[in-house]
Amino acid sequence: MNLPTSTTDYSHLLNDPEEPILPLPTLPVPISRKIKQFAFFRRKLDRLVAGDITPLDAALDFDACITAAANQRHEALAARLKDARTRPLAHRPDPTPARISKPLEIGPDPIASAVLLLDFVATYCSSVPPWCPAQERLVAFVAALKALPVHGVLDGPPPEDPAKPHHRVWLWAFECTWLGEIAVEGFESVGRENCHCGPDFAIPGSEKQLRWRYLQSAVARITAAGLLDCRSVCALEYLVPTSPRYPDIRNEEIDWAHAISGDVLASAEWILRPGMGRYVFEQCLRRETVDNPTQMWSQERWVGWKEQFRSVVQHPRVTAQARDVSWAILQQMLAVEEEYVRQLCVLSLYPSPYPCFPPSSYVPLG
C-alpha cells in the first residue's frame, strides 16, 4: 500500500447537503421558577441557530440574563429577610433563610441557569448537521461564552453573618472548574439518552445514528479548539474492544455490525475532518497506554484503532459506507504518521523512519 505524502481532505465522504436539521428531542420541563427562563433560552438559541443573532450577541444576552436574574432574586430575598427581622418580636419568625423557605427557591441560583443553558447547547448540537452554518454558529457561541470576562455572580442565600461576603460563582471560566464539568456532562447526557441508545441505533441511517454523528462533529470541533475537553464523549471509545461501551460481537441477538457501522461514521468526525486526525494523533503521542478510560488517548489506542478500521474494511457485515469511511480513516491515520515522521526527520530529531508504538491488544471483528 502506498502511503499518502500528506494528509488528505476526505470530508466529501461525510458531507451530505441533504442531511436534515433534526427536531429537538423532548426536553424535560424545568421546575416552575425556571419555566420563563427555559422559554427565553430556547427562543434565543432558535434565533442563534437560524442566524438571526450573532454568537457574541447571544453570549452577551445569556450572560446578562443569568446575572440579572441572580441579582433580582438576591434583592427579593434580602427584602424578605429585612421584613422578617423588623416585625414585632412576638410576630417575628426565625429570620434565617433556611427557616423562611428552601434557600434555592428564594435565593439566586446561577448554577441551575448555567446547567439549563449548557444542556440546551448540547441538545442543539445533536440536531444540526456537521459543519453546516447552524453548527458553525453553535461552536462560535461556545467560544464567545468562554471569551467573556470572568465575573462573579451571586449564588444562594446571604450568609447569616452580615460581615461575611456573599457567595459567588464565576462565569464563564471553563478550565478545571465546575462549569466546564457541567458542560461536558451535558454532552455526555445527550449522547447517552438521545443518540447512542436503544435498538434504533443499530439501524443504518436512523435518526439515532444521525444525532450521534452530529454530536460527535460538534464535540470534536469544540475539543480541538480548546474550548472544552469532551474526550469522554468521543465515539472512538466505542471502537475499543476492551471498553464497556463496545458491543458484544459474540451475541448474535444484537445487530452489533450495524452498531459498529454507526460508531465508525461518528468516529470519522474525529479523524477525517481537516486537522482533526493530526489533533488526535498528537494527543495519543503524550501517553503510551491509558490507566483508565477517562484518559482516552494513547499510542496503544492509536495503533488499536488502525487495526480496528482495517478489520472493518474487510468485514462483510458492516455497511458499505462504513467500510469506505474506514478505509479513508486508515489512509488518513497513516498519512498523519508519515507527515509527523517526515517533520522529525527534517529536524534530525528522530533517526528511525517510523514511530515505535507499543503493540496493540486489539482483536479483529468476528
# chains A, B, ... in the order shown; residues from 1 in each chain; ligands from 1
$ select_by_dssp --residues "stretch 74-283 of chain A" --states "strand (DSSP E)" --output "PDB file with C-alpha atoms, in the first residue's frame"
ATOM      1  CA  HIS A 151     -17.042  37.593  36.704  1.00  0.00           C
ATOM      2  CA  GLY A 152     -18.684  36.554  39.938  1.00  0.00           C
ATOM      3  CA  VAL A 153     -22.449  36.075  40.166  1.00  0.00           C
ATOM      4  CA  LEU A 154     -24.357  35.979  43.459  1.00  0.00           C
ATOM      5  CA  ARG A 168     -20.451  33.894  44.242  1.00  0.00           C
ATOM      6  CA  VAL A 169     -19.894  31.552  41.316  1.00  0.00           C
ATOM      7  CA  TRP A 170     -17.647  32.504  38.452  1.00  0.00           C
ATOM      8  CA  LEU A 171     -18.863  32.714  34.862  1.00  0.00           C
TER       9      LEU A 171
END
$ residues_around --residues "A:Arg278" --least-positions-apart "2" --cutoff "9 Å" --atoms "only C-alpha atoms" --output "list in words"
Thr7, Ile271, Pro274, Gly275, Met276, Val280, Phe281, Glu282, Gln283, Met333, Val336, Glu337 and Tyr340 of chain A
$ write_last_selection --atoms "C-alpha atoms" --output "JSON list (two decimals), in the first residue's frame"
[["chain", "number", "residue", "atom", "x", "y", "z"],
["A", 7, "THR", "CA", -2.89, 14.40, 4.88],
["A", 271, "ILE", "CA", -10.16, 11.81, 12.02],
["A", 274, "PRO", "CA", -9.28, 18.96, 8.33],
["A", 275, "GLY", "CA", -6.77, 18.99, 11.17],
["A", 276, "MET", "CA", -8.68, 16.53, 13.35],
["A", 280, "VAL", "CA", -5.97, 13.04, 17.83],
["A", 281, "PHE", "CA", -2.52, 11.77, 16.88],
["A", 282, "GLU", "CA", -0.77, 14.45, 18.92],
["A", 283, "GLN", "CA", -2.95, 13.67, 21.93],
["A", 333, "MET", "CA", -4.06, 7.93, 10.04],
["A", 336, "VAL", "CA", -0.67, 11.74, 9.67],
["A", 337, "GLU", "CA", 2.02, 9.36, 10.93],
["A", 340, "TYR", "CA", 4.87, 13.57, 11.61]]
$ residues_around --residues "A:Trp256" --least-positions-apart "5" --cutoff "9 Å" --atoms "only C-alpha atoms" --output "number ranges by chain"
A: 202, 247-251, 261, 318
$ residues_around --residues "stretch 64-68 of chain A" --least-positions-apart "2" --cutoff "12 Å" --atoms "only C-alpha atoms" --output "PyMOL selection string"
chain A and resi 34+36-38+40-41+44+57-62+70-75+108-117+145+148+151-155+168-172
$ closest_residue --among "A:Glu307, A:Glu339, A:Asp324, A:Asp119" --to "A:Ala268" --atoms "only C-alpha atoms"
A:Asp324
$ closest_residue --among "A:Leu265, A:Cys234, A:Ile35, A:Ala173" --to "A:Asn15" --atoms "only C-alpha atoms"
A:Leu265
$ closest_residue --among "A:Ser217, A:Ser243, A:Gln295, A:Gln308" --to "A:Arg231" --atoms "only C-alpha atoms"
A:Gln295
